[in-house]
Structures are given as C-alpha cells and as structure tokens.
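Trainee: Before we start, here is the structure in question, set down as structure tokens.
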Amino acid sequence: MSQPLRLCIYGSKGRMGQALIRCAAEDPELQVTAEVDTGDDFSAALSQCDAVIDFSATHITPQVAKACADAGKVLVIGTTGHELAERDQINKAAQTIPLVFSPNYSVGVNTLFWLTRKAAEILGPGFDLEVVEMHHRLKKDSPSGTARHLAEILAEVRKLDYSESARHGRAGIVGERTSDEIGVHAIRGGDVVGDHTVIYAAPGERLELTHKASSRDTFARGALRAAKWAAKQPAGLYDMQDVLGLK
C-alpha cells in the first residue's frame, strides 16, 4: 500500500478546520501531519506535509499560496471573498504548483453549478435570474463565494459583466427590473451551514434549483478529495469541477 498523503490544515481551530481533521482521520489514504492556526510556525509545518488545505482567512491566503509555491507543496484553498490582488497571488502560485481554488467543495453544490449553466442555456433570455443564499450569523463575507459563483455562471451564459449586472438587494424606488440584471441576495441567521437557490422566473412559470447543506463534513470531504486529486496533477489552477470531471 502506498504512503498516505500528508496534510497540513491551515485554519485548524476553525469550524472547517476541525471538520477536515475529523474526516481525514477516517480516510486511510490521508494523514494530518500538521495543524496550523494564527501565530503558529507555518514554515515548520510545510516541511512535514505534501499538501496544504487552507480554510483560514482571505488576507492570509496570499501568504499561504506563496509559501506553498516556494516549497513545492500542493494547495487547496477553501477561503472565499478574495480581492483582485489576492486572486492575482493565487494565480501566480498556480504557475508553480497544483492548486485547487473553488468557492465550494460540496459534490452537490458543484452539481448545482453544472445544472445552473445548463438551465440558463436551455431557458434562454426570457427568464429573470436571481440567486438567494442563507448562512449562519457568524459568516463574515457577503455574498457567499458560492452565490457569487452561481451569479458569475449566469452572467457568463448571458454574456454579461458580473460587476455591472449583479444587484445586491433592492431598496427604495429602483424602477422596473431590467433583463440584464442578476439579483444576488444574502440572508444571515442562526446556525445555517449553507443554503443556495437559483431562481429562473418568467411570465407563467418559475424554475428553482436549490442545494441545502446540513453538515460541514460535506465540504470537508470534498476538499480532502480535491487534495488527493491535485497531488497527481501537474502545476495549474483547478477547481472542483475539474476534480469531479464535470468540465
């Protein structure tokens, strides 16, 4: 039997970090050899692992990406809400190492990504497009990375610019809805792990595609699957659609 893939979990004290450690312990192909959080020595942890799974914070990701690229370690990024400059650092690291960067690692959500594209292509321009997401009250970024990606898929199909077409909530006298806008709405409350709905609305009918997550283990197992897959790939920037063979 081959040696297990040695993992470093960055953000190990967080909710996702704990789920990753718990789920990895159930997989004989994986071994968590380092757990890193704020204030820990990441350079020492890098020498003990083959791959890093980062569920820390957006401002930390660029440092993690550069360190992994310099050390030649596989990287799976689960944090969301990055600014353009932070994404540039991620793209740069992917020129050197296999790097999986996905807004969501759930197999079900990635199926939703695929279905969202297909439905938009089939239904055509006669349907108004809206995305609604709900997460727990502690979530810091809005909209969620998953909701943004769903809206980006819709914008791509419609040949629209996401930054110009996205409408993050509506208030006041905003006028009639235009055909070129995509509503993106965030709800926060309680301990909701993650709900996402894509709405296609036309006169006389409405189609809704919904995914509801009830456990963080779903995302953890997907990220672990991504790490095992990426360890066998050449350098490059990948997402969960690549991991699942949906492209």
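Residues in the structure tokens are numbered from 1 in each chain, the chains being A, B, ... in the order shown, and ligands are numbered from 1 in the order shown.
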Going by DSSP on the backbone, which residues of stretch 49-167 of chain A come out as helix (DSSP H, G or I)? List them as a PyMOL selection string.
Mentor: chain A and resi 61-71+84-93+107-126+145-158+162-165
Trainee: Could you give me, as JSON lines, every stretch 52-101 of chain A residue with an atom at most 9 Å from stretch 142-149 of chain A, plus its closest atom pair and distance in Å to one decimal, counting only C-alpha atoms, rows ordered by chain then number?
Mentor:
```
{"residue": "A:Thr79", "atom": "CA", "partner": "A:Gly145", "partner_atom": "CA", "distance": 8.5}
{"residue": "A:Thr80", "atom": "CA", "partner": "A:Gly145", "partner_atom": "CA", "distance": 5.3}
{"residue": "A:Gly81", "atom": "CA", "partner": "A:Gly145", "partner_atom": "CA", "distance": 6.1}
```
Trainee: Tell me, in Å to one decimal, how far atom CA of A:Ile77 is from atom CA of A:Val100.
Mentor: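 Separating atom CA of A:Ile77 from atom CA of A:Val100 is a distance of 6.2 Å.
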Trainee: Using only C-alpha atoms, which residues sit within 7 Å of stretch 40-56 of chain A once same-chain residues fewer than 2 positions away are excluded, as JSON, numbers by chain?
Mentor: {"A": [5, 6, 7, 8, 9, 10, 11, 16, 17, 33, 34, 36, 37, 38, 60, 73, 74, 75, 76, 77, 78, 79, 227]}
Trainee: Just want the 9 Å neighbourhood of A:Gly72, counted on only C-alpha atoms, with same-chain residues fewer than 6 positions away dropped. Output as JSON, numbers by chain.
Mentor: {"A": [50, 96, 97, 98]}
Trainee: Store the residues of this selection in a file with C-alpha atoms, as a CSV table (one decimal), in the first residue's frame.
Mentor:
```
chain,number,residue,atom,x,y,z
A,50,ASP,CA,2.8,17.0,0.9
A,96,THR,CA,4.4,26.5,-10.0
A,97,ILE,CA,2.2,24.0,-8.1
A,98,PRO,CA,-1.1,22.2,-8.5
```
Trainee: Could you pull out all residues of stretch 28-220 of chain A with a DSSP call of strand (DSSP E) and give them as a ChimeraX atom specification?
Mentor: /A:30-36,51-54,74-77,98-101,128-135,166-167,182-188,194-202,205-213
Trainee: Report as CSV the residues of stretch 87-159 of chain A within 6 Å of stretch 196-212 of chain A, each with its shortest atom pair and distance in Å (one decimal), using only C-alpha atoms, ordered by chain and increasing residue number.
Mentor:
```
residue,atom,partner,partner_atom,distance
A:Phe127,CA,A:Ala202,CA,4.7
A:Asp128,CA,A:Ala201,CA,5.0
A:Leu129,CA,A:Tyr200,CA,5.0
A:Glu130,CA,A:Ile199,CA,5.0
A:Val131,CA,A:Val198,CA,4.6
A:Val132,CA,A:Thr197,CA,5.2
A:Glu133,CA,A:His196,CA,4.5
```
Trainee: List the spatial neighbours of A:Pro125 as a PDB file with N, CA and C atoms, in the first residue's frame - criterion: any atom at most 12 Å away, only C-alpha atoms, same-chain residues fewer than 3 positions off excluded.
Mentor:
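Wrote selection-v4.pdb, looks like this:
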```pdb
ATOM      1  N   ALA A 119     -29.366  24.997 -17.255  1.00  0.00           N
ATOM      2  CA  ALA A 119     -30.709  25.571 -17.214  1.00  0.00           C
ATOM      3  C   ALA A 119     -30.735  26.949 -17.868  1.00  0.00           C
ATOM      4  N   ALA A 120     -29.718  27.753 -17.609  1.00  0.00           N
ATOM      5  CA  ALA A 120     -29.657  29.089 -18.202  1.00  0.00           C
ATOM      6  C   ALA A 120     -29.548  29.002 -19.726  1.00  0.00           C
ATOM      7  N   GLU A 121     -28.777  28.029 -20.197  1.00  0.00           N
ATOM      8  CA  GLU A 121     -28.624  27.855 -21.647  1.00  0.00           C
ATOM      9  C   GLU A 121     -29.928  27.387 -22.286  1.00  0.00           C
ATOM     10  N   ILE A 122     -30.630  26.463 -21.616  1.00  0.00           N
ATOM     11  CA  ILE A 122     -31.862  25.905 -22.163  1.00  0.00           C
ATOM     12  C   ILE A 122     -33.013  26.909 -22.125  1.00  0.00           C
ATOM     13  N   ASP A 128     -36.004  35.850 -15.905  1.00  0.00           N
ATOM     14  CA  ASP A 128     -35.252  36.699 -14.980  1.00  0.00           C
ATOM     15  C   ASP A 128     -34.463  35.806 -14.029  1.00  0.00           C
ATOM     16  N   LEU A 129     -33.253  36.249 -13.665  1.00  0.00           N
ATOM     17  CA  LEU A 129     -32.333  35.422 -12.888  1.00  0.00           C
ATOM     18  C   LEU A 129     -32.064  36.030 -11.518  1.00  0.00           C
ATOM     19  N   LEU A 154     -24.283  32.529 -14.404  1.00  0.00           N
ATOM     20  CA  LEU A 154     -25.428  33.103 -15.102  1.00  0.00           C
ATOM     21  C   LEU A 154     -25.004  34.267 -15.998  1.00  0.00           C
ATOM     22  N   ALA A 155     -24.128  35.118 -15.464  1.00  0.00           N
ATOM     23  CA  ALA A 155     -23.637  36.253 -16.241  1.00  0.00           C
ATOM     24  C   ALA A 155     -22.864  35.795 -17.470  1.00  0.00           C
ATOM     25  N   VAL A 157     -23.228  32.970 -19.149  1.00  0.00           N
ATOM     26  CA  VAL A 157     -24.162  32.442 -20.147  1.00  0.00           C
ATOM     27  C   VAL A 157     -24.860  33.575 -20.885  1.00  0.00           C
ATOM     28  N   ARG A 158     -25.224  34.621 -20.154  1.00  0.00           N
ATOM     29  CA  ARG A 158     -25.915  35.771 -20.762  1.00  0.00           C
ATOM     30  C   ARG A 158     -24.953  36.761 -21.413  1.00  0.00           C
ATOM     31  N   LYS A 159     -23.651  36.481 -21.313  1.00  0.00           N
ATOM     32  CA  LYS A 159     -22.631  37.385 -21.860  1.00  0.00           C
ATOM     33  C   LYS A 159     -22.713  38.766 -21.204  1.00  0.00           C
ATOM     34  N   LEU A 160     -22.828  38.753 -19.871  1.00  0.00           N
ATOM     35  CA  LEU A 160     -22.875  39.980 -19.080  1.00  0.00           C
ATOM     36  C   LEU A 160     -21.649  40.074 -18.194  1.00  0.00           C
ATOM     37  N   THR A 178     -34.694  45.124 -14.942  1.00  0.00           N
ATOM     38  CA  THR A 178     -34.222  45.020 -16.313  1.00  0.00           C
ATOM     39  C   THR A 178     -33.850  43.572 -16.617  1.00  0.00           C
ATOM     40  N   SER A 179     -33.745  43.243 -17.877  1.00  0.00           N
ATOM     41  CA  SER A 179     -33.401  41.872 -18.276  1.00  0.00           C
ATOM     42  C   SER A 179     -31.912  41.592 -18.108  1.00  0.00           C
ATOM     43  N   ASP A 180     -31.125  42.652 -17.904  1.00  0.00           N
ATOM     44  CA  ASP A 180     -29.670  42.491 -17.796  1.00  0.00           C
ATOM     45  C   ASP A 180     -29.177  42.455 -16.361  1.00  0.00           C
ATOM     46  N   GLU A 181     -30.076  42.382 -15.385  1.00  0.00           N
ATOM     47  CA  GLU A 181     -29.613  42.326 -14.003  1.00  0.00           C
ATOM     48  C   GLU A 181     -29.799  40.931 -13.420  1.00  0.00           C
ATOM     49  N   ILE A 182     -28.899  40.584 -12.503  1.00  0.00           N
ATOM     50  CA  ILE A 182     -28.951  39.310 -11.796  1.00  0.00           C
ATOM     51  C   ILE A 182     -29.001  39.630 -10.310  1.00  0.00           C
ATOM     52  N   TYR A 200     -35.165  31.050 -11.773  1.00  0.00           N
ATOM     53  CA  TYR A 200     -35.398  31.446 -13.162  1.00  0.00           C
ATOM     54  C   TYR A 200     -36.900  31.756 -13.256  1.00  0.00           C
ATOM     55  N   ALA A 201     -37.252  33.030 -13.434  1.00  0.00           N
ATOM     56  CA  ALA A 201     -38.657  33.424 -13.399  1.00  0.00           C
ATOM     57  C   ALA A 201     -39.092  34.063 -14.716  1.00  0.00           C
ATOM     58  N   ALA A 202     -40.185  33.552 -15.260  1.00  0.00           N
ATOM     59  CA  ALA A 202     -40.749  34.093 -16.496  1.00  0.00           C
ATOM     60  C   ALA A 202     -42.264  34.210 -16.317  1.00  0.00           C
TER      61      ALA A 202
END
```
